[in-house]
Amino acid sequence: MIRVGLLGAGRIGQIHGRNVAASGKARLVAVADALPDACLSLATDLGARAASVEAVILDRDIDAVLICTPTDTHADLIEAAVKAGKAVFCEKPVDLSSDRIKACLAVVAKAGLPLMIGFNRRFDPNFAEARRRIAAGGIGAVELVSIISRDPSPPAASYVARSGGLFRDMMIHDLDMARFLLGEEPVEVHAVGSCLVDPGIGAAGDVDTAAVLLKTASGRIAQITNSRRASYGYDQRFEVHGSLGMVRAQNVPTSTVEVATGQGFLADPVLPFFLERYAAAYRAELDHFLSSVAAGTPPSPSGEDGLKAQLLADAATHSQQTGQPVRLTL
């Protein structure tokens with residue numbers, strides 16, 4: 001039984017904490033958060049104790065920590081945890097600076113302990129099955145990947161100002177999925193962006209509508225489109241075209257019920273946001289981390305995957321700002 005400490009009792013921390021508590025592979029020992037009331041409430045609900053971050057990291061009775069704290073704390077906490085002998089799961093990103101990520105990964109490598117980054121979409125049952133069929137050769141050689149990701153509504157401008165921008169905050173998930181589906185590293189990035197949804201986002205120096213083209217050395221192409229607005233729910237789809245055919249993963253509706261009348265077919269809307277859409281993915285993600293720790297095998301996505309997604313997000317940001325494609329080597 002893996003003994004787990006949870007750092008962060010906010011929205012994502014609650015998801016992971018409850019999944020640990022429901023897992024037969026782990027026991028949640030302690031919860032830490034900067035807000036004492038939130039920390040105590042979640043710890044009490046899950047049968048764990050409330051503690052300080054330092055106490056969780058230094059506790060010899062804790063084998064692994066889950067880092068669900070604000071982004072600007074991730075790299076420091078990863079380093080402290082591995083130095084204390086803990087396996088680490090950390091929500092994306094490691095940091096908004098690629099150089100800081102590189103320095104952090106050097107500390108992790110020296111410690112020789114596992115680090116997994118929370119790109120949960122790889123573990124969505126539908127996405128994972130599509131990837132399995134691609135890897136099995138069902139559509140031949142991959143030629144073109146198309147990814148659509150649209151949030152139901154924009155975040156607050158105050159959030160945007162500290163998020164690192166759409167490419168580093170929102171599209172980074174899709175950039176990781178593009179690598180996951182292409183099977184080959186991109187070497188060229190071309191991005192465009194606009195502010196069409198919320199003028200406050202533009203005033204904060206960001207975009208809310210964007211598209212990116214990625215190209216690999218062999219010529220494979222991925223196209224990603226993002227929007228901070230979708231009136232019909234949380235839009236999450238992709239299609240992969242290959243030499244022998246095509247595979248796609250569609251949105252998940254709130255139900256599969258359809259009503260047909262003389263006016264046509266009426267279907268229920270798609271799931272409203274990521275908490276509902278990726279509930280199964282979060283469970284599968286945690287299970288993979290715990291299984292890897294128990295078996296002593298490297299978890300995936302790794303810290304290197306986190307770095308490569310960040311480098312692509314940096315390149316997309318630079319391309320959008322300059323209007324020029326960016327060449328890079330991952």
# chains A, B, ... in the order shown; residues from 1 in each chain; ligands from 1
call {"tool": "closest_atom_pairs", "arguments": {"of": "range 224-287 of chain A", "to": "range 122-144 of chain A", "cutoff": "10 Å", "atoms": "only C-alpha atoms", "output": "JSON lines"}}
result
{"residue": "A:Arg237", "atom": "CA", "partner": "A:Phe127", "partner_atom": "CA", "distance": 8.9}
{"residue": "A:Phe238", "atom": "CA", "partner": "A:Phe127", "partner_atom": "CA", "distance": 8.4}
{"residue": "A:Glu239", "atom": "CA", "partner": "A:Leu144", "partner_atom": "CA", "distance": 8.3}
{"residue": "A:Val240", "atom": "CA", "partner": "A:Leu144", "partner_atom": "CA", "distance": 5.9}
{"residue": "A:His241", "atom": "CA", "partner": "A:Leu144", "partner_atom": "CA", "distance": 5.1}
{"residue": "A:Gly242", "atom": "CA", "partner": "A:Val142", "partner_atom": "CA", "distance": 4.3}
{"residue": "A:Ser243", "atom": "CA", "partner": "A:Gly140", "partner_atom": "CA", "distance": 5.0}
{"residue": "A:Leu244", "atom": "CA", "partner": "A:Ile139", "partner_atom": "CA", "distance": 4.6}
{"residue": "A:Gly245", "atom": "CA", "partner": "A:Ile139", "partner_atom": "CA", "distance": 4.5}
{"residue": "A:Met246", "atom": "CA", "partner": "A:Ile139", "partner_atom": "CA", "distance": 5.7}
{"residue": "A:Val247", "atom": "CA", "partner": "A:Ala130", "partner_atom": "CA", "distance": 6.6}
{"residue": "A:Arg248", "atom": "CA", "partner": "A:Ala130", "partner_atom": "CA", "distance": 6.9}
{"residue": "A:Ala249", "atom": "CA", "partner": "A:Asn126", "partner_atom": "CA", "distance": 6.2}
{"residue": "A:Gln250", "atom": "CA", "partner": "A:Asn126", "partner_atom": "CA", "distance": 8.2}
{"residue": "A:Asn251", "atom": "CA", "partner": "A:Asn126", "partner_atom": "CA", "distance": 9.5}
{"residue": "A:Val252", "atom": "CA", "partner": "A:Asn126", "partner_atom": "CA", "distance": 9.3}
{"residue": "A:Arg277", "atom": "CA", "partner": "A:Asp124", "partner_atom": "CA", "distance": 8.8}
{"residue": "A:Tyr278", "atom": "CA", "partner": "A:Asp124", "partner_atom": "CA", "distance": 6.4}
{"residue": "A:Ala279", "atom": "CA", "partner": "A:Asp124", "partner_atom": "CA", "distance": 8.5}
{"residue": "A:Ala280", "atom": "CA", "partner": "A:Asp124", "partner_atom": "CA", "distance": 6.5}
{"residue": "A:Ala281", "atom": "CA", "partner": "A:Asp124", "partner_atom": "CA", "distance": 4.3}
{"residue": "A:Tyr282", "atom": "CA", "partner": "A:Phe123", "partner_atom": "CA", "distance": 7.3}
{"residue": "A:Arg283", "atom": "CA", "partner": "A:Phe123", "partner_atom": "CA", "distance": 8.5}
{"residue": "A:Ala284", "atom": "CA", "partner": "A:Phe123", "partner_atom": "CA", "distance": 5.9}
{"residue": "A:Glu285", "atom": "CA", "partner": "A:Phe123", "partner_atom": "CA", "distance": 5.8}
{"residue": "A:Leu286", "atom": "CA", "partner": "A:Phe123", "partner_atom": "CA", "distance": 9.5}
call {"tool": "write_last_selection", "arguments": {"atoms": "N, CA and C atoms", "output": "PDB file, in the first residue's frame"}}
result
ATOM      1  N   ARG A 237     -12.252  17.113 -29.144  1.00  0.00           N
ATOM      2  CA  ARG A 237     -12.289  16.118 -30.219  1.00  0.00           C
ATOM      3  C   ARG A 237     -10.941  16.046 -30.925  1.00  0.00           C
ATOM      4  N   PHE A 238     -10.674  14.916 -31.564  1.00  0.00           N
ATOM      5  CA  PHE A 238      -9.547  14.879 -32.491  1.00  0.00           C
ATOM      6  C   PHE A 238      -9.796  13.856 -33.597  1.00  0.00           C
ATOM      7  N   GLU A 239      -9.059  14.024 -34.668  1.00  0.00           N
ATOM      8  CA  GLU A 239      -9.109  13.108 -35.807  1.00  0.00           C
ATOM      9  C   GLU A 239      -7.688  12.897 -36.303  1.00  0.00           C
ATOM     10  N   VAL A 240      -7.354  11.646 -36.584  1.00  0.00           N
ATOM     11  CA  VAL A 240      -6.022  11.310 -37.100  1.00  0.00           C
ATOM     12  C   VAL A 240      -6.196  10.593 -38.432  1.00  0.00           C
ATOM     13  N   HIS A 241      -5.617  11.167 -39.477  1.00  0.00           N
ATOM     14  CA  HIS A 241      -5.706  10.598 -40.822  1.00  0.00           C
ATOM     15  C   HIS A 241      -4.392   9.894 -41.141  1.00  0.00           C
ATOM     16  N   GLY A 242      -4.508   8.687 -41.675  1.00  0.00           N
ATOM     17  CA  GLY A 242      -3.322   7.915 -42.020  1.00  0.00           C
ATOM     18  C   GLY A 242      -3.381   7.369 -43.429  1.00  0.00           C
ATOM     19  N   SER A 243      -2.352   6.643 -43.813  1.00  0.00           N
ATOM     20  CA  SER A 243      -2.238   6.122 -45.181  1.00  0.00           C
ATOM     21  C   SER A 243      -3.295   5.071 -45.493  1.00  0.00           C
ATOM     22  N   LEU A 244      -3.861   4.440 -44.461  1.00  0.00           N
ATOM     23  CA  LEU A 244      -4.848   3.380 -44.687  1.00  0.00           C
ATOM     24  C   LEU A 244      -6.245   3.741 -44.189  1.00  0.00           C
ATOM     25  N   GLY A 245      -6.386   4.913 -43.582  1.00  0.00           N
ATOM     26  CA  GLY A 245      -7.702   5.254 -43.054  1.00  0.00           C
ATOM     27  C   GLY A 245      -7.632   6.372 -42.034  1.00  0.00           C
ATOM     28  N   MET A 246      -8.664   6.442 -41.207  1.00  0.00           N
ATOM     29  CA  MET A 246      -8.791   7.542 -40.260  1.00  0.00           C
ATOM     30  C   MET A 246      -9.388   7.025 -38.958  1.00  0.00           C
ATOM     31  N   VAL A 247      -8.963   7.619 -37.829  1.00  0.00           N
ATOM     32  CA  VAL A 247      -9.574   7.339 -36.531  1.00  0.00           C
ATOM     33  C   VAL A 247      -9.907   8.671 -35.883  1.00  0.00           C
ATOM     34  N   ARG A 248     -11.047   8.727 -35.193  1.00  0.00           N
ATOM     35  CA  ARG A 248     -11.405   9.957 -34.513  1.00  0.00           C
ATOM     36  C   ARG A 248     -12.031   9.645 -33.159  1.00  0.00           C
ATOM     37  N   ALA A 249     -11.930  10.610 -32.264  1.00  0.00           N
ATOM     38  CA  ALA A 249     -12.562  10.517 -30.947  1.00  0.00           C
ATOM     39  C   ALA A 249     -13.474  11.720 -30.811  1.00  0.00           C
ATOM     40  N   GLN A 250     -14.741  11.462 -30.507  1.00  0.00           N
ATOM     41  CA  GLN A 250     -15.755  12.501 -30.498  1.00  0.00           C
ATOM     42  C   GLN A 250     -16.015  13.029 -29.088  1.00  0.00           C
ATOM     43  N   ASN A 251     -16.838  14.061 -29.003  1.00  0.00           N
ATOM     44  CA  ASN A 251     -17.265  14.577 -27.721  1.00  0.00           C
ATOM     45  C   ASN A 251     -18.107  13.548 -26.970  1.00  0.00           C
ATOM     46  N   VAL A 252     -18.142  13.715 -25.653  1.00  0.00           N
ATOM     47  CA  VAL A 252     -18.957  12.842 -24.805  1.00  0.00           C
ATOM     48  C   VAL A 252     -20.194  13.617 -24.361  1.00  0.00           C
ATOM     49  N   ARG A 277     -15.841  15.838 -17.897  1.00  0.00           N
ATOM     50  CA  ARG A 277     -15.353  15.208 -19.123  1.00  0.00           C
ATOM     51  C   ARG A 277     -14.187  14.261 -18.866  1.00  0.00           C
ATOM     52  N   TYR A 278     -13.315  14.632 -17.937  1.00  0.00           N
ATOM     53  CA  TYR A 278     -12.106  13.835 -17.736  1.00  0.00           C
ATOM     54  C   TYR A 278     -12.065  13.116 -16.387  1.00  0.00           C
ATOM     55  N   ALA A 279     -13.227  12.873 -15.784  1.00  0.00           N
ATOM     56  CA  ALA A 279     -13.266  12.168 -14.500  1.00  0.00           C
ATOM     57  C   ALA A 279     -12.599  10.796 -14.598  1.00  0.00           C
ATOM     58  N   ALA A 280     -12.920  10.045 -15.635  1.00  0.00           N
ATOM     59  CA  ALA A 280     -12.320   8.713 -15.805  1.00  0.00           C
ATOM     60  C   ALA A 280     -10.832   8.818 -16.101  1.00  0.00           C
ATOM     61  N   ALA A 281     -10.443   9.857 -16.827  1.00  0.00           N
ATOM     62  CA  ALA A 281      -9.023  10.047 -17.143  1.00  0.00           C
ATOM     63  C   ALA A 281      -8.212  10.307 -15.881  1.00  0.00           C
ATOM     64  N   TYR A 282      -8.746  11.114 -14.964  1.00  0.00           N
ATOM     65  CA  TYR A 282      -8.045  11.384 -13.710  1.00  0.00           C
ATOM     66  C   TYR A 282      -7.865  10.105 -12.897  1.00  0.00           C
ATOM     67  N   ARG A 283      -8.876   9.253 -12.894  1.00  0.00           N
ATOM     68  CA  ARG A 283      -8.745   7.987 -12.155  1.00  0.00           C
ATOM     69  C   ARG A 283      -7.691   7.085 -12.788  1.00  0.00           C
ATOM     70  N   ALA A 284      -7.711   6.987 -14.109  1.00  0.00           N
ATOM     71  CA  ALA A 284      -6.747   6.135 -14.807  1.00  0.00           C
ATOM     72  C   ALA A 284      -5.330   6.685 -14.678  1.00  0.00           C
ATOM     73  N   GLU A 285      -5.203   8.000 -14.701  1.00  0.00           N
ATOM     74  CA  GLU A 285      -3.904   8.657 -14.549  1.00  0.00           C
ATOM     75  C   GLU A 285      -3.288   8.318 -13.195  1.00  0.00           C
ATOM     76  N   LEU A 286      -4.075   8.461 -12.132  1.00  0.00           N
ATOM     77  CA  LEU A 286      -3.583   8.150 -10.799  1.00  0.00           C
ATOM     78  C   LEU A 286      -3.225   6.672 -10.682  1.00  0.00           C
TER      79      LEU A 286
END
call {"tool": "residues_around", "arguments": {"residues": "range 229-231 of chain A", "least_positions_apart": "6", "cutoff": "12 Å", "atoms": "only C-alpha atoms", "output": "number ranges by chain"}}
result
A: 148-155, 195-198, 207-210, 269-273
call {"tool": "select_by_dssp", "arguments": {"residues": "range 84-251 of chain A", "states": "alpha helix (DSSP H)", "output": "JSON, numbers by chain"}}
result
{"A": [98, 99, 100, 101, 102, 103, 104, 105, 106, 107, 108, 109, 110, 111, 125, 126, 127, 128, 129, 130, 131, 132, 133, 134, 135, 157, 158, 159, 160, 161, 162, 163, 166, 167, 168, 169, 171, 172, 173, 174, 175, 176, 177, 178, 179, 180, 181, 182, 199, 200, 201, 202, 203]}
call {"tool": "write_last_selection", "arguments": {"atoms": "N, CA and C atoms", "output": "short mmCIF file (atom, residue, chain, number, x, y, z; two decimals), in the first residue's frame"}}
result
data_model
loop_
_atom_site.label_atom_id
_atom_site.label_comp_id
_atom_site.auth_asym_id
_atom_site.auth_seq_id
_atom_site.Cartn_x
_atom_site.Cartn_y
_atom_site.Cartn_z
N SER A 98 10.96 27.34 -19.35
CA SER A 98 11.60 26.10 -19.79
C SER A 98 12.96 25.91 -19.14
N ASP A 99 13.69 26.99 -18.92
CA ASP A 99 14.99 26.88 -18.26
C ASP A 99 14.83 26.38 -16.83
N ARG A 100 13.81 26.87 -16.14
CA ARG A 100 13.57 26.39 -14.77
C ARG A 100 13.19 24.92 -14.77
N ILE A 101 12.43 24.49 -15.77
CA ILE A 101 12.08 23.08 -15.87
C ILE A 101 13.33 22.23 -16.06
N LYS A 102 14.23 22.67 -16.92
CA LYS A 102 15.47 21.92 -17.15
C LYS A 102 16.27 21.77 -15.87
N ALA A 103 16.37 22.84 -15.10
CA ALA A 103 17.10 22.80 -13.84
C ALA A 103 16.43 21.84 -12.86
N CYS A 104 15.11 21.85 -12.82
CA CYS A 104 14.35 20.96 -11.94
C CYS A 104 14.56 19.50 -12.33
N LEU A 105 14.52 19.22 -13.63
CA LEU A 105 14.68 17.84 -14.09
C LEU A 105 16.08 17.31 -13.80
N ALA A 106 17.07 18.20 -13.76
CA ALA A 106 18.42 17.79 -13.40
C ALA A 106 18.45 17.32 -11.94
N VAL A 107 17.72 18.00 -11.08
CA VAL A 107 17.64 17.60 -9.67
C VAL A 107 16.93 16.25 -9.55
N VAL A 108 15.86 16.08 -10.31
CA VAL A 108 15.12 14.81 -10.30
C VAL A 108 16.01 13.66 -10.78
N ALA A 109 16.76 13.90 -11.85
CA ALA A 109 17.64 12.86 -12.39
C ALA A 109 18.71 12.46 -11.37
N LYS A 110 19.25 13.44 -10.68
CA LYS A 110 20.28 13.16 -9.67
C LYS A 110 19.70 12.34 -8.52
N ALA A 111 18.45 12.63 -8.15
CA ALA A 111 17.80 11.89 -7.07
C ALA A 111 17.42 10.48 -7.49
N PRO A 125 -10.39 7.36 -21.69
CA PRO A 125 -10.60 6.05 -22.31
C PRO A 125 -10.74 6.10 -23.83
N ASN A 126 -11.44 7.10 -24.34
CA ASN A 126 -11.64 7.19 -25.79
C ASN A 126 -10.36 7.58 -26.50
N PHE A 127 -9.65 8.57 -25.96
CA PHE A 127 -8.40 9.00 -26.56
C PHE A 127 -7.36 7.88 -26.51
N ALA A 128 -7.30 7.19 -25.37
CA ALA A 128 -6.31 6.11 -25.22
C ALA A 128 -6.60 4.96 -26.19
N GLU A 129 -7.88 4.66 -26.39
CA GLU A 129 -8.23 3.59 -27.33
C GLU A 129 -7.88 3.99 -28.76
N ALA A 130 -8.13 5.24 -29.12
CA ALA A 130 -7.75 5.71 -30.45
C ALA A 130 -6.24 5.61 -30.64
N ARG A 131 -5.48 6.00 -29.63
CA ARG A 131 -4.01 5.90 -29.71
C ARG A 131 -3.56 4.45 -29.85
N ARG A 132 -4.24 3.54 -29.15
CA ARG A 132 -3.89 2.12 -29.24
C ARG A 132 -4.09 1.61 -30.66
N ARG A 133 -5.18 2.03 -31.29
CA ARG A 133 -5.46 1.57 -32.65
C ARG A 133 -4.48 2.17 -33.65
N ILE A 134 -4.06 3.40 -33.41
CA ILE A 134 -3.03 4.00 -34.27
C ILE A 134 -1.73 3.22 -34.14
N ALA A 135 -1.32 2.94 -32.88
CA ALA A 135 -0.07 2.22 -32.64
C ALA A 135 -0.11 0.81 -33.22
N ALA A 157 -10.03 37.63 -16.28
CA ALA A 157 -8.83 38.31 -16.77
C ALA A 157 -7.71 38.26 -15.73
N SER A 158 -8.06 38.25 -14.45
CA SER A 158 -7.05 38.16 -13.40
C SER A 158 -6.29 36.85 -13.47
N TYR A 159 -6.99 35.78 -13.86
CA TYR A 159 -6.33 34.48 -14.04
C TYR A 159 -5.41 34.52 -15.26
N VAL A 160 -5.90 35.09 -16.34
CA VAL A 160 -5.14 35.15 -17.59
C VAL A 160 -3.79 35.85 -17.37
N ALA A 161 -3.79 36.91 -16.56
CA ALA A 161 -2.59 37.70 -16.36
C ALA A 161 -1.46 36.89 -15.73
N ARG A 162 -1.77 35.82 -15.00
CA ARG A 162 -0.71 35.02 -14.35
C ARG A 162 -0.63 33.60 -14.91
N SER A 163 -1.37 33.33 -16.01
CA SER A 163 -1.45 31.96 -16.52
C SER A 163 -0.31 31.57 -17.45
N LEU A 166 -2.48 31.66 -23.34
CA LEU A 166 -3.28 30.54 -23.82
C LEU A 166 -2.43 29.35 -24.25
N PHE A 167 -1.33 29.59 -24.92
CA PHE A 167 -0.53 28.47 -25.44
C PHE A 167 0.11 27.67 -24.30
N ARG A 168 0.53 28.35 -23.22
CA ARG A 168 1.17 27.66 -22.10
C ARG A 168 0.15 27.12 -21.10
N ASP A 169 -1.02 27.72 -21.06
CA ASP A 169 -2.02 27.35 -20.06
C ASP A 169 -3.04 26.35 -20.60
N MET A 171 -3.52 25.42 -24.39
CA MET A 171 -3.11 24.59 -25.52
C MET A 171 -2.01 23.60 -25.18
N ILE A 172 -1.33 23.78 -24.05
CA ILE A 172 -0.24 22.86 -23.71
C ILE A 172 -0.75 21.42 -23.64
N HIS A 173 -2.00 21.23 -23.21
CA HIS A 173 -2.60 19.89 -23.21
C HIS A 173 -2.68 19.34 -24.64
N ASP A 174 -3.08 20.18 -25.58
CA ASP A 174 -3.23 19.74 -26.97
C ASP A 174 -1.87 19.54 -27.64
N LEU A 175 -0.89 20.34 -27.25
CA LEU A 175 0.46 20.15 -27.78
C LEU A 175 1.01 18.80 -27.31
N ASP A 176 0.73 18.44 -26.07
CA ASP A 176 1.14 17.11 -25.60
C ASP A 176 0.39 16.02 -26.35
N MET A 177 -0.91 16.23 -26.59
CA MET A 177 -1.68 15.24 -27.35
C MET A 177 -1.17 15.11 -28.77
N ALA A 178 -0.75 16.22 -29.37
CA ALA A 178 -0.20 16.16 -30.73
C ALA A 178 1.04 15.27 -30.76
N ARG A 179 1.93 15.44 -29.79
CA ARG A 179 3.12 14.57 -29.70
C ARG A 179 2.69 13.11 -29.50
N PHE A 180 1.70 12.90 -28.66
CA PHE A 180 1.19 11.57 -28.34
C PHE A 180 0.65 10.87 -29.58
N LEU A 181 -0.01 11.64 -30.46
CA LEU A 181 -0.67 11.05 -31.62
C LEU A 181 0.22 11.01 -32.86
N LEU A 182 1.09 11.98 -33.03
CA LEU A 182 1.94 12.03 -34.21
C LEU A 182 2.96 10.90 -34.25
N PRO A 199 -12.67 41.09 -24.39
CA PRO A 199 -11.68 42.17 -24.51
C PRO A 199 -10.73 42.24 -23.31
N GLY A 200 -11.20 41.80 -22.14
CA GLY A 200 -10.35 41.80 -20.96
C GLY A 200 -9.15 40.90 -21.11
N ILE A 201 -9.30 39.80 -21.86
CA ILE A 201 -8.18 38.90 -22.12
C ILE A 201 -7.14 39.60 -22.99
N GLY A 202 -7.61 40.32 -24.00
CA GLY A 202 -6.70 41.08 -24.84
C GLY A 202 -5.98 42.16 -24.04
N ALA A 203 -6.70 42.84 -23.14
CA ALA A 203 -6.09 43.87 -22.31
C ALA A 203 -5.03 43.29 -21.39
#
call {"tool": "closest_residue", "arguments": {"among": "A:Ala75, A:Leu6, A:Leu96, A:Gln14", "to": "Arg49 in chain A", "atoms": "only C-alpha atoms"}}
result
A:Leu6
call {"tool": "atom_distance", "arguments": {"atom1": "CA of Ala51 in chain A", "atom2": "CA of Ala84 in chain A"}}
result
16.4 Å
call {"tool": "atom_distance", "arguments": {"atom1": "CA of Val29 in chain A", "atom2": "CA of Glu304 in chain A"}}
result
28.6 Å
call {"tool": "select_by_dssp", "arguments": {"residues": "range 9-172 of chain A", "states": "strand (DSSP E)", "output": "PyMOL selection string"}}
result
chain A and resi 26-32+49-50+64-67+87-91+115-118+142-150
call {"tool": "write_last_selection", "arguments": {"atoms": "C-alpha atoms", "output": "short mmCIF file (atom, residue, chain, number, x, y, z; two decimals), in the first residue's frame"}}
result
data_model
loop_
_atom_site.label_atom_id
_atom_site.label_comp_id
_atom_site.auth_asym_id
_atom_site.auth_seq_id
_atom_site.Cartn_x
_atom_site.Cartn_y
_atom_site.Cartn_z
CA ALA A 26 -2.81 3.69 -1.85
CA ARG A 27 -3.66 5.36 1.43
CA LEU A 28 -3.93 9.12 1.78
CA VAL A 29 -1.86 9.99 4.85
CA ALA A 30 -1.82 13.79 4.92
CA VAL A 31 -3.09 16.91 3.16
CA ALA A 32 -1.36 20.31 3.07
CA ARG A 49 -4.47 14.42 8.75
CA ALA A 50 -3.91 18.09 8.00
CA ALA A 64 4.78 9.68 -2.76
CA VAL A 65 3.41 13.21 -3.04
CA LEU A 66 0.83 14.67 -5.39
CA ILE A 67 1.55 18.32 -6.20
CA ALA A 87 8.06 9.73 -5.83
CA VAL A 88 6.24 12.71 -7.34
CA PHE A 89 3.13 13.31 -9.38
CA CYS A 90 2.81 16.97 -10.40
CA GLU A 91 0.05 18.74 -12.25
CA LEU A 115 8.33 12.11 -11.66
CA MET A 116 5.05 12.04 -13.57
CA ILE A 117 3.42 15.13 -15.09
CA GLY A 118 -0.37 15.45 -15.14
CA VAL A 142 0.02 8.87 -39.56
CA GLU A 143 -0.14 11.82 -41.95
CA LEU A 144 -2.43 14.48 -40.46
CA VAL A 145 -3.66 15.14 -36.91
CA SER A 146 -6.50 17.58 -36.19
CA ILE A 147 -7.25 18.55 -32.58
CA ILE A 148 -10.14 20.76 -31.42
CA SER A 149 -10.28 22.09 -27.86
CA ARG A 150 -12.76 24.76 -26.77
#
call {"tool": "residues_around", "arguments": {"residues": "Ile62 in chain A", "least_positions_apart": "6", "cutoff": "7 Å", "atoms": "only C-alpha atoms", "output": "list in words"}}
result
Arg3, Val4 and Gly5 of chain A
call {"tool": "residues_around", "arguments": {"residues": "range 296-300 of chain A", "least_positions_apart": "3", "cutoff": "9 Å", "atoms": "only C-alpha atoms", "output": "number ranges by chain"}}
result
A: 113-117, 288-293, 303, 305
call {"tool": "closest_residue", "arguments": {"among": "A:Asp63, A:Glu184, A:Lys92, A:Ala43", "to": "Asn120 in chain A", "atoms": "only C-alpha atoms"}}
result
A:Lys92
call {"tool": "atom_distance", "arguments": {"atom1": "CA of Asp206 in chain A", "atom2": "CA of Val94 in chain A"}}
result
20.8 Å
